[in-house]
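Dropping data-v8.cif in here (mmCIF, C-alpha atoms):
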```cif
data_model
#
loop_
_atom_site.group_PDB
_atom_site.id
_atom_site.type_symbol
_atom_site.label_atom_id
_atom_site.label_comp_id
_atom_site.auth_asym_id
_atom_site.auth_seq_id
_atom_site.Cartn_x
_atom_site.Cartn_y
_atom_site.Cartn_z
ATOM 1 C CA MET A 130 102.050 -12.278 -41.181
ATOM 2 C CA LEU A 131 104.266 -12.716 -44.212
ATOM 3 C CA ASP A 132 103.826 -15.576 -46.652
ATOM 4 C CA ALA A 133 106.508 -18.238 -47.121
ATOM 5 C CA LYS A 134 107.670 -16.779 -50.460
ATOM 6 C CA THR A 135 108.297 -13.364 -48.890
ATOM 7 C CA ILE A 136 110.131 -14.909 -45.923
ATOM 8 C CA GLU A 137 112.342 -16.835 -48.332
ATOM 9 C CA ALA A 138 113.034 -13.714 -50.416
ATOM 10 C CA ILE A 139 114.026 -11.726 -47.321
ATOM 11 C CA ALA A 140 116.300 -14.501 -46.029
ATOM 12 C CA ASP A 141 118.003 -14.761 -49.415
ATOM 13 C CA GLU A 142 118.413 -10.969 -49.540
ATOM 14 C CA LEU A 143 120.086 -11.018 -46.118
ATOM 15 C CA VAL A 144 122.432 -13.850 -47.115
ATOM 16 C CA GLU A 145 123.464 -11.925 -50.231
ATOM 17 C CA ALA A 146 123.861 -8.698 -48.242
ATOM 18 C CA GLY A 147 126.230 -10.455 -45.872
ATOM 19 C CA ARG A 148 128.212 -11.950 -48.720
ATOM 20 C CA THR A 149 128.672 -8.762 -50.732
ATOM 21 C CA PRO A 150 128.351 -6.632 -48.142
ATOM 22 C CA THR A 151 125.357 -4.564 -49.179
ATOM 23 C CA PRO A 152 123.093 -2.483 -46.915
ATOM 24 C CA VAL A 153 119.536 -3.755 -46.580
ATOM 25 C CA PRO A 154 116.758 -1.175 -46.252
ATOM 26 C CA ARG A 155 114.900 -1.512 -42.940
ATOM 27 C CA LEU A 156 112.596 -4.508 -43.254
ATOM 28 C CA THR A 157 109.802 -3.148 -41.069
ATOM 29 C CA ALA A 158 109.571 -0.074 -43.314
ATOM 30 C CA ARG A 159 109.227 -2.305 -46.380
ATOM 31 C CA TYR A 160 106.952 -4.843 -44.684
ATOM 32 C CA PRO A 161 104.948 -2.879 -42.092
ATOM 33 C CA ASP A 162 102.844 -5.943 -41.206
ATOM 34 C CA MET A 163 105.941 -8.027 -40.398
ATOM 35 C CA THR A 164 105.571 -9.691 -36.991
ATOM 36 C CA VAL A 165 108.130 -10.926 -34.481
ATOM 37 C CA GLU A 166 107.219 -14.452 -35.577
ATOM 38 C CA ASP A 167 107.988 -13.495 -39.201
ATOM 39 C CA SER A 168 111.363 -12.142 -38.106
ATOM 40 C CA TYR A 169 112.281 -15.396 -36.388
ATOM 41 C CA ALA A 170 111.098 -17.382 -39.439
ATOM 42 C CA VAL A 171 113.397 -15.249 -41.620
ATOM 43 C CA GLN A 172 116.233 -15.726 -39.144
ATOM 44 C CA GLN A 173 115.774 -19.502 -39.088
ATOM 45 C CA LEU A 174 115.916 -19.730 -42.880
ATOM 46 C CA TRP A 175 118.843 -17.259 -43.036
ATOM 47 C CA ARG A 176 120.695 -19.437 -40.497
ATOM 48 C CA ARG A 177 120.052 -22.610 -42.517
ATOM 49 C CA ARG A 178 121.216 -20.918 -45.726
ATOM 50 C CA ASN A 179 124.439 -19.850 -44.000
ATOM 51 C CA GLU A 180 125.034 -23.311 -42.553
ATOM 52 C CA ASP A 181 124.459 -24.816 -46.010
ATOM 53 C CA ALA A 182 127.106 -22.383 -47.323
ATOM 54 C CA GLY A 183 129.640 -23.739 -44.820
ATOM 55 C CA ARG A 184 129.353 -21.418 -41.831
ATOM 56 C CA THR A 185 129.330 -23.105 -38.419
ATOM 57 C CA LEU A 186 126.855 -22.152 -35.730
ATOM 58 C CA VAL A 187 128.859 -21.715 -32.506
ATOM 59 C CA GLY A 188 126.403 -20.004 -30.219
ATOM 60 C CA ARG A 189 123.401 -17.815 -29.626
ATOM 61 C CA LYS A 190 123.080 -14.191 -28.608
ATOM 62 C CA ILE A 191 120.498 -12.228 -26.736
ATOM 63 C CA GLY A 192 119.928 -8.621 -27.686
ATOM 64 C CA LEU A 193 117.830 -5.706 -26.558
ATOM 65 C CA THR A 194 118.235 -6.649 -22.906
ATOM 66 C CA SER A 195 118.070 -3.060 -21.636
ATOM 67 C CA LYS A 196 114.797 -1.147 -21.355
ATOM 68 C CA ALA A 197 116.524 1.853 -23.022
ATOM 69 C CA MET A 198 117.364 -0.146 -26.168
ATOM 70 C CA GLN A 199 113.911 -1.722 -26.210
ATOM 71 C CA ALA A 200 112.329 1.732 -26.046
ATOM 72 C CA ALA A 201 114.647 3.022 -28.800
ATOM 73 C CA THR A 202 113.635 0.192 -31.140
ATOM 74 C CA GLY A 203 109.975 -0.070 -30.183
ATOM 75 C CA ILE A 204 110.417 -3.664 -29.050
ATOM 76 C CA THR A 205 109.154 -4.744 -25.635
ATOM 77 C CA GLU A 206 111.288 -7.819 -24.940
ATOM 78 C CA PRO A 207 114.794 -9.157 -25.574
ATOM 79 C CA ASP A 208 115.467 -10.918 -28.858
ATOM 80 C CA TYR A 209 117.845 -13.712 -29.768
ATOM 81 C CA GLY A 210 119.986 -14.688 -32.724
ATOM 82 C CA ALA A 211 122.699 -16.932 -34.097
ATOM 83 C CA ILE A 212 126.454 -16.570 -33.740
ATOM 84 C CA PHE A 213 128.604 -18.150 -36.458
ATOM 85 C CA ASP A 214 132.271 -19.048 -36.147
ATOM 86 C CA ASP A 215 133.368 -16.145 -38.345
ATOM 87 C CA MET A 216 131.532 -13.659 -36.099
ATOM 88 C CA VAL A 217 133.660 -14.397 -33.035
ATOM 89 C CA LEU A 218 136.645 -12.055 -32.834
ATOM 90 C CA GLU A 219 139.521 -12.476 -30.416
ATOM 91 C CA THR A 220 140.773 -9.656 -28.236
ATOM 92 C CA GLY A 221 143.385 -7.578 -30.066
ATOM 93 C CA CYS A 222 142.554 -8.865 -33.539
ATOM 94 C CA ALA A 223 142.529 -6.651 -36.636
ATOM 95 C CA VAL A 224 139.105 -6.139 -38.210
ATOM 96 C CA GLU A 225 138.872 -5.559 -41.951
ATOM 97 C CA TRP A 226 136.831 -2.376 -42.418
ATOM 98 C CA ASP A 227 135.669 -3.380 -45.928
ATOM 99 C CA ARG A 228 133.939 -6.525 -44.610
ATOM 100 C CA TYR A 229 131.124 -4.378 -43.225
ATOM 101 C CA THR A 230 128.666 -1.830 -44.617
ATOM 102 C CA HIS A 231 128.453 0.525 -41.622
ATOM 103 C CA PRO A 232 131.076 -0.666 -39.134
ATOM 104 C CA ARG A 233 130.331 -0.076 -35.471
ATOM 105 C CA VAL A 234 131.450 -1.796 -32.327
ATOM 106 C CA GLU A 235 128.987 -3.285 -29.876
ATOM 107 C CA VAL A 236 130.399 -5.075 -26.888
ATOM 108 C CA GLU A 237 128.626 -8.318 -26.054
ATOM 109 C CA LEU A 238 129.095 -10.502 -23.024
ATOM 110 C CA ALA A 239 129.846 -14.085 -24.038
ATOM 111 C CA LEU A 240 129.826 -17.179 -21.889
ATOM 112 C CA LEU A 241 131.090 -20.642 -22.685
ATOM 113 C CA LEU A 242 128.778 -23.288 -21.278
ATOM 114 C CA LYS A 243 129.900 -26.877 -21.438
ATOM 115 C CA ASP A 244 128.690 -30.174 -20.142
ATOM 116 C CA GLY A 245 132.000 -31.527 -18.881
ATOM 117 C CA SER A 246 133.169 -32.818 -22.244
ATOM 118 C CA LYS A 247 136.096 -31.298 -24.105
ATOM 119 C CA ALA A 248 135.681 -27.631 -24.918
ATOM 120 C CA ARG A 249 135.264 -26.879 -28.600
#
```

Would you mind writing the file out in structure tokens?
Amino acid sequence: MLDAKTIEAIADELVEAGRTPTPVPRLTARYPDMTVEDSYAVQQLWRRRNEDAGRTLVGRKIGLTSKAMQAATGITEPDYGAIFDDMVLETGCAVEWDRYTHPRVEVELALLLKDGSKAR
């Protein structure tokens, strides 16, 4: 497991990479002992740093739901992550190529769950 200082350094690196945008070398190659728990600790701190910078958490995502993608990544179960307001793109919108380091499109299914109150 990674120590708190390393987790903080990785989270800060990811925040900066998203801001600039700068590619980040594969973390598991740099930290071969990194665990799933370490990854979620990094993600939690990364999320807090982004919220502190003014981004709004609007949802969660689940990834690696297919056995084929799990096998390709060496992961044996789905993972989950945060969705911020600026990550949600409307159908037909223009996407600025320069906002991303290696632009690709991945279609995700999104659902709006609400408790009967006004939709956000």

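In this comparison, which uses only C-alpha atoms, the residue of A:Arg189, A:Arg176, A:Lys196, A:Arg228 approaching A:Arg148 most closely is A:Arg228.
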
Contacts of A:Tyr169 within 10 Å, only C-alpha atoms, excl. fewer than 4 positions in-chain, as a PyMOL selection string: chain A and resi 136+164-165+173-175+208-210

Result set of the PyMOL selection byres ((chain A and resi 141) around 12) on the coordinates above, as a PyMOL selection string: chain A and resi 134-140+142-148+153+171-179

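The smallest atom-to-atom distance between A:Leu131 and any of A:Thr157, A:Ala197, A:Val217, A:Thr151, using all atoms listed in the file, is found for A:Thr157.
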
Output check: residues returned by the PyMOL selection byres ((chain A and resi 212) around 8), as a ChimeraX atom specification: /A:186-190,210-211,213-214,216-217

Mind checking which residues fall within 7 Å of A:Met130, counting all atoms listed in the file, ignoring those fewer than 4 positions away in the same chain, and posting them as a PDB file with C-alpha atoms, keeping the file's coordinate frame?
```pdb
ATOM      1  CA  ASP A 162     102.844  -5.943 -41.206  1.00  0.00           C
ATOM      2  CA  MET A 163     105.941  -8.027 -40.398  1.00  0.00           C
ATOM      3  CA  THR A 164     105.571  -9.691 -36.991  1.00  0.00           C
ATOM      4  CA  ASP A 167     107.988 -13.495 -39.201  1.00  0.00           C
TER       5      ASP A 167
END
```

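Atom to atom, atom CA of A:Glu180 and atom CA of A:Thr220 stand 25.3 Å apart.
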
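Taking atom CA of A:Gly192 as the reference point, atom CA of A:Pro152 is found at 20.4 Å.
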
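Proximity to A:Glu206 at 10 Å, evaluated using only C-alpha atoms and with sequence-adjacent residues fewer than 4 positions away removed, yields Gly192, Leu193, Thr194, Ser195, Lys196, Met198, Gln199 and Ala200 of chain A.
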
I'd like the box whose edges run along x, y and z of the file and which contains every listed atom of stretch 218-221 of chain A, padded by 6 Å per side; could you state its centre and edge lengths in Å, one decimal, as lines of an AutoDock Vina configuration file?
```
center_x = 140.0
center_y = -10.0
center_z = -30.5
size_x = 18.7
size_y = 16.9
size_z = 16.6
```

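Atom pair atom CA of A:Val234 / atom CA of A:Thr185 has a distance of 22.3 Å (rounded to one decimal).
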
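Near (131.8, -5.1, -46.0), the residues that fall inside 8 Å on the basis of all atoms listed in the file are Gly147, Thr149, Pro150, Thr151, Trp226, Asp227, Arg228, Tyr229, Thr230 and His231 of chain A.
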
Rebuild N, CA, C and O atoms on stretch 206-229 of chain A, as a CSV table (one decimal), in the coordinates of the input?
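Once written, part.csv looks like this:
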```csv
chain,number,residue,atom,x,y,z
A,206,GLU,N,110.6,-6.7,-25.6
A,206,GLU,CA,111.3,-7.8,-24.9
A,206,GLU,C,112.6,-8.1,-25.6
A,206,GLU,O,112.8,-7.7,-26.8
A,207,PRO,N,113.5,-8.8,-24.9
A,207,PRO,CA,114.8,-9.2,-25.6
A,207,PRO,C,114.6,-10.0,-26.8
A,207,PRO,O,113.5,-10.7,-26.9
A,208,ASP,N,115.5,-10.0,-27.7
A,208,ASP,CA,115.5,-10.9,-28.9
A,208,ASP,C,116.7,-11.8,-28.8
A,208,ASP,O,117.5,-11.7,-28.0
A,209,TYR,N,116.7,-12.8,-29.7
A,209,TYR,CA,117.8,-13.7,-29.8
A,209,TYR,C,118.2,-14.0,-31.2
A,209,TYR,O,117.5,-13.8,-32.1
A,210,GLY,N,119.5,-14.4,-31.4
A,210,GLY,CA,120.0,-14.7,-32.7
A,210,GLY,C,121.1,-15.7,-32.7
A,210,GLY,O,121.5,-16.2,-31.7
A,211,ALA,N,121.6,-15.9,-33.9
A,211,ALA,CA,122.7,-16.9,-34.1
A,211,ALA,C,124.1,-16.3,-34.1
A,211,ALA,O,124.2,-15.1,-34.5
A,212,ILE,N,125.1,-17.0,-33.6
A,212,ILE,CA,126.5,-16.6,-33.7
A,212,ILE,C,127.2,-17.6,-34.5
A,212,ILE,O,127.2,-18.8,-34.1
A,213,PHE,N,127.8,-17.2,-35.6
A,213,PHE,CA,128.6,-18.2,-36.5
A,213,PHE,C,130.1,-18.0,-36.1
A,213,PHE,O,130.5,-17.0,-35.5
A,214,ASP,N,130.8,-19.0,-36.5
A,214,ASP,CA,132.3,-19.0,-36.1
A,214,ASP,C,133.0,-17.8,-36.6
A,214,ASP,O,133.9,-17.3,-35.9
A,215,ASP,N,132.6,-17.3,-37.8
A,215,ASP,CA,133.4,-16.1,-38.3
A,215,ASP,C,132.9,-14.8,-37.7
A,215,ASP,O,133.4,-13.8,-38.1
A,216,MET,N,132.0,-14.9,-36.8
A,216,MET,CA,131.5,-13.7,-36.1
A,216,MET,C,132.2,-13.5,-34.8
A,216,MET,O,132.1,-12.4,-34.1
A,217,VAL,N,133.0,-14.5,-34.3
A,217,VAL,CA,133.7,-14.4,-33.0
A,217,VAL,C,135.1,-13.8,-33.3
A,217,VAL,O,135.8,-14.4,-34.0
A,218,LEU,N,135.4,-12.7,-32.7
A,218,LEU,CA,136.6,-12.1,-32.8
A,218,LEU,C,137.4,-12.1,-31.5
A,218,LEU,O,136.9,-11.8,-30.5
A,219,GLU,N,138.7,-12.4,-31.6
A,219,GLU,CA,139.5,-12.5,-30.4
A,219,GLU,C,140.0,-11.1,-30.0
A,219,GLU,O,140.2,-10.2,-30.9
A,220,THR,N,140.2,-10.9,-28.8
A,220,THR,CA,140.8,-9.7,-28.2
A,220,THR,C,142.1,-9.3,-29.0
A,220,THR,O,142.9,-10.2,-29.1
A,221,GLY,N,142.2,-8.1,-29.4
A,221,GLY,CA,143.4,-7.6,-30.1
A,221,GLY,C,143.5,-7.9,-31.5
A,221,GLY,O,144.5,-7.5,-32.2
A,222,CYS,N,142.5,-8.5,-32.1
A,222,CYS,CA,142.6,-8.9,-33.5
A,222,CYS,C,142.3,-7.6,-34.4
A,222,CYS,O,141.8,-6.6,-34.0
A,223,ALA,N,142.8,-7.7,-35.7
A,223,ALA,CA,142.5,-6.7,-36.6
A,223,ALA,C,141.2,-7.0,-37.4
A,223,ALA,O,141.0,-8.1,-37.7
A,224,VAL,N,140.4,-6.0,-37.5
A,224,VAL,CA,139.1,-6.1,-38.2
A,224,VAL,C,139.2,-5.4,-39.6
A,224,VAL,O,139.5,-4.2,-39.6
A,225,GLU,N,138.9,-6.1,-40.6
A,225,GLU,CA,138.9,-5.6,-42.0
A,225,GLU,C,137.6,-4.7,-42.1
A,225,GLU,O,136.5,-5.1,-42.2
A,226,TRP,N,137.9,-3.4,-42.3
A,226,TRP,CA,136.8,-2.4,-42.4
A,226,TRP,C,135.9,-2.7,-43.6
A,226,TRP,O,134.7,-2.6,-43.5
A,227,ASP,N,136.4,-3.1,-44.7
A,227,ASP,CA,135.7,-3.4,-45.9
A,227,ASP,C,134.7,-4.6,-45.8
A,227,ASP,O,133.9,-4.8,-46.7
A,228,ARG,N,134.8,-5.4,-44.8
A,228,ARG,CA,133.9,-6.5,-44.6
A,228,ARG,C,132.5,-6.1,-44.2
A,228,ARG,O,131.6,-6.9,-44.3
A,229,TYR,N,132.4,-4.8,-43.8
A,229,TYR,CA,131.1,-4.4,-43.2
A,229,TYR,C,130.6,-3.2,-44.0
A,229,TYR,O,131.3,-2.4,-44.6
```
